[in-house]
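Novice: Input coords30.txt, format and content: compact mmCIF, C-alpha atoms.
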# COMPACT_ATOMS: atom_id res chain seq x y z
CA MET A 1 0.00 0.00 0.00
CA LYS A 2 1.27 3.47 -0.88
CA CYS A 3 2.05 5.85 1.98
CA VAL A 4 2.10 9.66 2.02
CA LEU A 5 3.26 12.00 4.79
CA VAL A 6 1.83 15.53 4.82
CA THR A 7 3.40 18.06 7.16
CA GLY A 8 1.02 20.68 8.52
CA GLY A 9 -1.70 18.32 7.35
CA ALA A 10 -4.42 19.59 9.66
CA GLY A 11 -4.62 23.01 7.97
CA GLU A 12 -6.94 23.84 5.09
CA ILE A 13 -4.54 23.08 2.26
CA GLY A 14 -2.97 20.15 4.09
CA SER A 15 -6.30 18.53 4.94
CA ALA A 16 -7.43 18.81 1.31
CA ILE A 17 -4.23 17.03 0.25
CA CYS A 18 -4.74 14.34 2.89
CA ARG A 19 -8.33 13.71 1.81
CA LYS A 20 -7.32 13.45 -1.86
CA PHE A 21 -4.72 10.79 -1.16
CA ALA A 22 -6.98 8.88 1.25
CA GLU A 23 -9.71 8.78 -1.40
CA SER A 24 -7.19 7.19 -3.75
CA GLY A 25 -6.13 4.41 -1.40
CA TYR A 26 -3.01 5.85 0.22
CA SER A 27 -2.17 5.45 3.88
CA VAL A 28 -1.89 9.02 5.15
CA ILE A 29 0.37 10.30 7.93
CA VAL A 30 -0.65 13.77 9.13
CA THR A 31 1.76 15.86 11.14
CA TYR A 32 0.69 18.91 13.10
CA ASN A 33 2.27 21.58 15.28
CA SER A 34 -0.28 23.15 17.64
CA ASN A 35 -3.78 22.02 16.71
CA ALA A 36 -4.26 18.49 18.03
CA GLN A 37 -8.05 18.86 17.92
CA LYS A 38 -8.08 19.57 14.18
CA ALA A 39 -5.69 16.69 13.58
CA GLU A 40 -7.89 14.27 15.53
CA LYS A 41 -10.94 15.41 13.59
CA LEU A 42 -9.11 14.98 10.29
CA LEU A 43 -7.99 11.47 11.27
CA GLU A 44 -11.60 10.52 11.94
CA GLU A 45 -12.59 11.95 8.57
CA LEU A 46 -9.84 10.02 6.77
CA ASN A 47 -10.92 6.80 8.44
CA ASN A 48 -14.49 7.43 7.26
CA ILE A 49 -13.29 8.14 3.72
CA SER A 50 -11.42 4.84 3.50
CA PRO A 51 -12.52 2.48 6.29
CA GLU A 52 -10.77 -0.38 4.51
CA ILE A 53 -7.42 1.33 5.24
CA PRO A 54 -6.74 1.00 8.96
CA SER A 55 -3.37 2.71 8.87
CA HIS A 56 -3.93 6.48 8.74
CA SER A 57 -2.00 8.26 11.49
CA ILE A 58 -1.46 11.64 13.10
CA PHE A 59 1.76 12.71 14.78
CA HIS A 60 2.78 15.83 16.66
CA ALA A 61 6.00 16.93 14.96
CA PRO A 62 6.82 20.60 14.36
CA THR A 63 9.32 20.58 11.51
CA THR A 64 11.51 23.03 13.42
CA ASP A 65 11.97 20.58 16.32
CA PRO A 66 14.83 18.15 15.52
CA ILE A 67 13.87 15.77 18.32
CA LYS A 68 10.26 15.52 17.13
CA VAL A 69 11.37 15.06 13.52
CA THR A 70 13.60 12.17 14.59
CA GLU A 71 10.73 10.63 16.58
CA LEU A 72 8.52 10.97 13.51
CA GLN A 73 11.09 9.23 11.32
CA LYS A 74 11.25 6.32 13.78
CA PHE A 75 7.46 6.13 13.93
CA VAL A 76 7.12 5.96 10.15
CA ALA A 77 9.90 3.37 9.92
CA GLU A 78 8.33 1.14 12.56
CA LYS A 79 4.71 1.38 11.41
CA TYR A 80 5.06 1.66 7.63
CA GLY A 81 8.59 0.59 6.80
CA LYS A 82 8.87 3.04 3.90
CA LEU A 83 7.49 6.25 2.44
CA ASP A 84 6.29 6.86 -1.11
CA VAL A 85 5.41 10.57 -1.01
CA LEU A 86 6.49 13.39 1.30
CA VAL A 87 4.51 16.62 1.06
CA ASN A 88 6.25 19.55 2.73
CA ASN A 89 3.17 21.65 3.38
CA ALA A 90 3.90 23.16 6.82
CA GLY A 91 4.41 26.90 6.61
CA ILE A 92 3.79 30.18 8.40
CA THR A 93 3.50 33.85 7.56
CA THR A 94 2.06 37.12 8.86
CA PRO A 95 0.74 40.11 6.89
CA VAL A 96 3.28 42.97 6.74
CA LYS A 97 3.28 45.64 4.05
CA HIS A 98 6.40 45.33 1.95
CA GLU A 99 7.29 48.99 2.31
CA ASP A 100 7.08 48.85 6.13
CA LEU A 101 10.58 47.52 6.77
CA ASP A 102 10.47 48.16 10.51
CA ALA A 103 7.29 46.12 10.98
CA LEU A 104 8.95 42.95 9.66
CA THR A 105 10.90 42.01 12.77
CA ASP A 106 13.99 39.83 12.93
CA GLU A 107 11.98 37.40 15.04
CA TRP A 108 9.40 36.93 12.29
CA ILE A 109 12.07 36.66 9.59
CA ASP A 110 13.77 33.87 11.54
CA LYS A 111 10.47 32.07 12.24
CA ILE A 112 9.37 32.20 8.60
CA MET A 113 12.70 30.96 7.22
CA ALA A 114 13.00 28.27 9.90
CA THR A 115 9.58 26.80 9.13
CA ASN A 116 9.13 27.42 5.42
CA PHE A 117 12.64 26.55 4.24
CA LYS A 118 14.72 24.91 6.94
CA GLY A 119 11.84 22.74 8.17
CA GLY A 120 11.19 21.38 4.71
CA PHE A 121 14.86 20.52 4.21
CA ALA A 122 14.93 18.83 7.63
CA MET A 123 12.03 16.62 6.61
CA VAL A 124 13.69 15.54 3.36
CA ARG A 125 16.89 14.78 5.23
CA ALA A 126 15.01 12.74 7.86
CA MET A 127 12.83 10.82 5.41
CA LYS A 128 15.35 10.21 2.61
CA ASP A 129 16.14 6.61 3.57
CA LEU A 130 12.45 5.75 3.91
CA LEU A 131 11.73 7.29 0.51
CA LEU A 132 14.48 5.15 -0.97
CA LYS A 133 12.58 2.10 0.29
CA SER A 134 9.52 3.01 -1.76
CA GLU A 135 8.29 0.18 -3.97
CA GLU A 136 7.33 2.73 -6.62
CA LYS A 137 9.66 3.33 -9.56
CA THR A 138 10.52 6.74 -8.12
CA ALA A 139 9.58 8.20 -4.74
CA LEU A 140 8.43 11.81 -4.55
CA VAL A 141 8.88 14.97 -2.50
CA VAL A 142 6.40 17.78 -3.13
CA ASN A 143 7.31 21.15 -1.65
CA ILE A 144 4.32 23.48 -1.30
CA SER A 145 5.73 26.77 -2.50
CA SER A 146 3.99 29.96 -3.64
CA ILE A 147 4.08 32.28 -6.62
CA ALA A 148 5.26 34.81 -4.03
CA GLY A 149 8.67 33.20 -4.49
CA ILE A 150 8.58 33.97 -8.22
CA TYR A 151 6.72 37.27 -8.33
CA GLY A 152 7.80 38.92 -5.07
CA ILE A 153 4.19 39.73 -4.12
CA GLY A 154 2.90 38.10 -0.96
CA SER A 155 2.11 38.53 2.69
CA ASN A 156 5.55 39.96 3.49
CA VAL A 157 9.09 40.19 2.12
CA ALA A 158 10.43 37.32 4.23
CA TYR A 159 7.62 35.03 3.10
CA CYS A 160 8.45 35.75 -0.55
CA ALA A 161 12.14 35.07 0.12
CA SER A 162 11.35 31.82 1.94
CA LYS A 163 9.30 30.50 -0.97
CA SER A 164 12.01 31.45 -3.44
CA ALA A 165 14.37 29.44 -1.26
CA VAL A 166 11.94 26.49 -1.37
CA ASP A 167 11.95 26.56 -5.18
CA SER A 168 15.74 26.72 -5.26
CA MET A 169 15.87 23.77 -2.86
CA THR A 170 13.49 21.86 -5.13
CA ARG A 171 15.81 22.25 -8.11
CA SER A 172 18.94 21.41 -6.11
CA LEU A 173 17.45 18.33 -4.47
CA ALA A 174 15.86 17.14 -7.70
CA ARG A 175 19.34 17.01 -9.20
CA ALA A 176 20.96 15.53 -6.09
CA LEU A 177 18.38 12.81 -5.39
CA ALA A 178 17.68 11.65 -8.96
CA PRO A 179 16.92 9.10 -10.24
CA LYS A 180 15.38 7.44 -7.17
CA ILE A 181 13.56 10.43 -5.65
CA ARG A 182 11.72 13.10 -7.64
CA VAL A 183 11.34 16.60 -6.16
CA VAL A 184 8.72 19.08 -7.39
CA SER A 185 7.34 22.41 -6.14
CA VAL A 186 3.59 23.03 -6.32
CA SER A 187 3.29 26.81 -6.28
CA PRO A 188 -0.18 28.23 -5.57
CA GLY A 189 -1.33 31.78 -5.91
CA PHE A 190 -3.54 33.17 -3.17
CA VAL A 191 -5.50 30.30 -1.59
CA GLU A 192 -8.78 31.18 0.08
CA GLY A 193 -9.13 29.92 3.62
CA GLU A 194 -9.90 30.73 7.23
CA TYR A 195 -6.82 32.97 7.42
CA THR A 196 -8.14 35.17 4.59
CA LYS A 197 -9.72 37.40 7.24
CA ASN A 198 -6.21 38.37 8.40
CA PHE A 199 -5.50 40.23 5.18
CA ASP A 200 -6.32 43.81 4.25
CA PRO A 201 -9.41 43.95 1.98
CA ALA A 202 -7.43 46.10 -0.47
CA PHE A 203 -4.82 43.33 -0.74
CA LEU A 204 -7.51 40.72 -1.41
CA LYS A 205 -9.16 42.90 -4.06
CA ASN A 206 -5.81 43.38 -5.76
CA GLN A 207 -5.24 39.63 -5.79
CA MET A 208 -8.66 38.98 -7.33
CA ASP A 209 -8.36 41.80 -9.88
CA ASN A 210 -5.05 40.37 -11.07
CA THR A 211 -6.22 36.76 -11.43
CA PRO A 212 -7.42 36.04 -14.99
CA LEU A 213 -9.64 33.13 -13.89
CA GLU A 214 -11.39 35.58 -11.51
CA ARG A 215 -11.43 33.45 -8.39
CA PHE A 216 -9.10 32.44 -5.59
CA ALA A 217 -7.63 28.97 -5.45
CA GLN A 218 -9.24 26.49 -3.07
CA GLY A 219 -7.47 23.82 -1.08
CA ASP A 220 -8.79 21.20 -3.50
CA ASP A 221 -7.06 22.96 -6.42
CA VAL A 222 -3.72 22.52 -4.67
CA ALA A 223 -4.54 18.94 -3.63
CA ASN A 224 -5.39 18.01 -7.21
CA ALA A 225 -2.06 19.39 -8.41
CA VAL A 226 -0.09 17.50 -5.76
CA PHE A 227 -1.90 14.26 -6.55
CA SER A 228 -1.34 14.76 -10.28
CA VAL A 229 2.40 15.10 -9.68
CA ALA A 230 2.34 11.85 -7.71
CA GLU A 231 0.21 9.77 -10.05
CA HIS A 232 0.33 11.34 -13.51
CA LEU A 233 3.34 13.64 -13.98
CA THR A 234 5.73 10.80 -13.25
CA PHE A 235 8.49 12.02 -15.59
CA SER A 236 8.69 15.44 -13.95
CA THR A 237 11.32 16.52 -11.43
CA GLY A 238 12.81 19.88 -10.50
CA ASN A 239 9.71 21.62 -11.83
CA ILE A 240 7.80 24.56 -10.34
CA ILE A 241 4.13 23.87 -11.06
CA THR A 242 1.95 26.94 -10.57
CA VAL A 243 -1.66 26.78 -9.37
CA ASP A 244 -2.49 30.45 -9.68
CA GLY A 245 -5.41 31.02 -12.05
CA GLY A 246 -3.05 32.81 -14.44
CA ARG A 247 -1.87 35.34 -11.84
CA LEU A 248 1.57 35.60 -13.42
CA LEU A 249 0.03 36.69 -16.73
CA LYS A 250 -0.96 40.08 -15.30
Could you show the structure in this file as structure tokens?
Specialist:
Amino acid sequence: MKCVLVTGGAGEIGSAICRKFAESGYSVIVTYNSNAQKAEKLLEELNNISPEIPSHSIFHAPTTDPIKVTELQKFVAEKYGKLDVLVNNAGITTPVKHEDLDALTDEWIDKIMATNFKGGFAMVRAMKDLLLKSEEKTALVVNISSIAGIYGIGSNVAYCASKSAVDSMTRSLARALAPKIRVVSVSPGFVEGEYTKNFDPAFLKNQMDNTPLERFAQGDDVANAVFSVAEHLTFSTGNIITVDGGRLLK
């Protein structure tokens, strides 16, 4: 049975990815940082989606905590013995106007880079040997990036820089880990979710006005892209796949 691990899986994008893979017969491992209640609820939902698969799991493992990441690696090794797909979805940000340099504190810069870039690399490093045990022709790492890393427009300057770093990591690791492990970035535009209320209405209007398909992405749009990379785009590695409604055309 195929096995996928989704970091930050209890969030809106992560849970959509988890549901998509569960619907398709994967065993799903969901990691979470602070919201155990959401993770428990998602686990129940996954079990209802595929009751014939008794091996969905949740695990508390912030990607910035080396001890927890090591514990997670041991858990996956003992329960599943291998890993077919790793989805680096965990990420953080906070809205700060790009021109307000003083408002983007060193603390937030460090937190964003530690989670969005360093945490993803830590997960690949920890799970590499398990990915190499995949029975598939080629195992897969999907890094959830953002067009902010390409376009330089996003919630703050550090967030944009962190996603650019993720895309660079994708290309570097795709070269380094080939041919046994593929590495791809899925790069959404603005994704509508619970956190949308944290953004200035003028920012949201600008995002909508500059999206040719005239809607925001949903979690399912991102999940469909990730699943397509896993199951259909099997000769792709090192790619940055945008899910942005044409945002970069404007």
Novice: Residues near Arg19 (chain A), anyone? I mean within 12 Å using only C-alpha atoms, not counting same-chain ones fewer than 3 positions away, as a VMD selection string.
Specialist: chain A and resid 4 6 9 to 16 22 to 30 42 to 50 56 219 to 220 222 to 224 226 to 227
Novice: I'd like the contact shell of Phe235 (chain A) - 12 Å cut-off, only C-alpha atoms, skipping same-chain residues fewer than 6 positions apart - returned as a VMD selection string.
Specialist: chain A and resid 137 to 140 174 178 to 184 228 to 229
Novice: Quote the spacing between CA of Thr170 (chain A) and CA of Ser155 (chain A) in Å to one decimal place.
Specialist: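 So the answer is 21.6 Å.
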Novice: Would you mind reading off the distance between CA of Glu135 (chain A) and CA of Met169 (chain A), one decimal, in Å?
Specialist: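 Atom-to-atom, CA of Glu135 (chain A) and CA of Met169 (chain A) are spaced 24.8 Å apart.
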Novice: Pick from A:Ser236, A:Thr64, A:Ser34, A:Thr211: nearest to Leu248 (chain A), with only C-alpha atoms counted?
Specialist: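 Residue with the minimum atom-to-atom distance to Leu248 (chain A): A:Thr211.
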Novice: Closest to Ile153 (chain A) among A:Arg247, A:Lys79, A:Ile241, A:Asn88, using all atoms listed in the file?
Specialist: A:Arg247
Novice: Between A:Leu83, A:Lys38, A:Asp221, A:Thr7, which has the minimum distance to Thr115 (chain A) (counting all atoms listed in the file)?
Specialist: A:Thr7
Novice: Report as a list in words all protein, DNA and RNA residues lying within 9 Å of region 194-198 of chain A, evaluated on all atoms listed in the file, omitting residues in the same chain fewer than 6 positions from it.
Specialist: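 The residues that qualify are Glu12, Thr94, Pro95 and Leu204 of chain A.
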Novice: Can you measure CA of Gln218 (chain A) to CA of Ile109 (chain A) for me? One decimal in Å is fine.
Specialist: 26.8 Å
Novice: Have a look at A:Thr63, A:Gln73, A:Thr93, A:Ser172 and name the one nearest to Leu130 (chain A); count all atoms listed in the file.
Specialist: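 Nearest to Leu130 (chain A): A:Gln73.
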Novice: Tell me which protein, DNA and RNA residues are within 9 Å of region 186-188 of chain A, counting all atoms listed in the file, leaving out same-chain ones fewer than 4 positions away, and put them as a short mmCIF file (atom, residue, chain, number, x, y, z; two decimals) with C-alpha atoms, in the coordinates of the input.
Specialist:
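Dumped to selection_17.cif:
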data_model
loop_
_atom_site.label_atom_id
_atom_site.label_comp_id
_atom_site.auth_asym_id
_atom_site.auth_seq_id
_atom_site.Cartn_x
_atom_site.Cartn_y
_atom_site.Cartn_z
CA VAL A 142 6.40 17.78 -3.13
CA ASN A 143 7.31 21.15 -1.65
CA ILE A 144 4.32 23.48 -1.30
CA SER A 145 5.73 26.77 -2.50
CA SER A 146 3.99 29.96 -3.64
CA ILE A 147 4.08 32.28 -6.62
CA ALA A 148 5.26 34.81 -4.03
CA GLY A 149 8.67 33.20 -4.49
CA LYS A 163 9.30 30.50 -0.97
CA ASP A 167 11.95 26.56 -5.18
CA ALA A 217 -7.63 28.97 -5.45
CA ASP A 221 -7.06 22.96 -6.42
CA VAL A 222 -3.72 22.52 -4.67
CA ALA A 225 -2.06 19.39 -8.41
CA VAL A 226 -0.09 17.50 -5.76
CA VAL A 229 2.40 15.10 -9.68
CA ASN A 239 9.71 21.62 -11.83
CA ILE A 240 7.80 24.56 -10.34
CA ILE A 241 4.13 23.87 -11.06
CA THR A 242 1.95 26.94 -10.57
CA VAL A 243 -1.66 26.78 -9.37
CA ASP A 244 -2.49 30.45 -9.68
CA GLY A 245 -5.41 31.02 -12.05
#
Novice: Just checking: using only C-alpha atoms, which residue out of A:Ser162, A:Ser55, A:Thr234, A:Ser168 ends up closest to Lys118 (chain A)?
Specialist: A:Ser162
Novice: So that I can see what lies close to Glu71 (chain A), please list as a list in words the residues with an atom at most 12 Å from it, counting all atoms listed in the file and leaving out residues fewer than 2 positions away in the same chain.
Specialist: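 Counting only the stated atoms, we get Thr31, Phe59, His60, Ala61, Pro62, Thr63, Asp65, Pro66, Ile67, Lys68, Val69, Gln73, Lys74, Phe75, Val76, Ala77, Glu78, Met123, Ala126 and Met127 of chain A.
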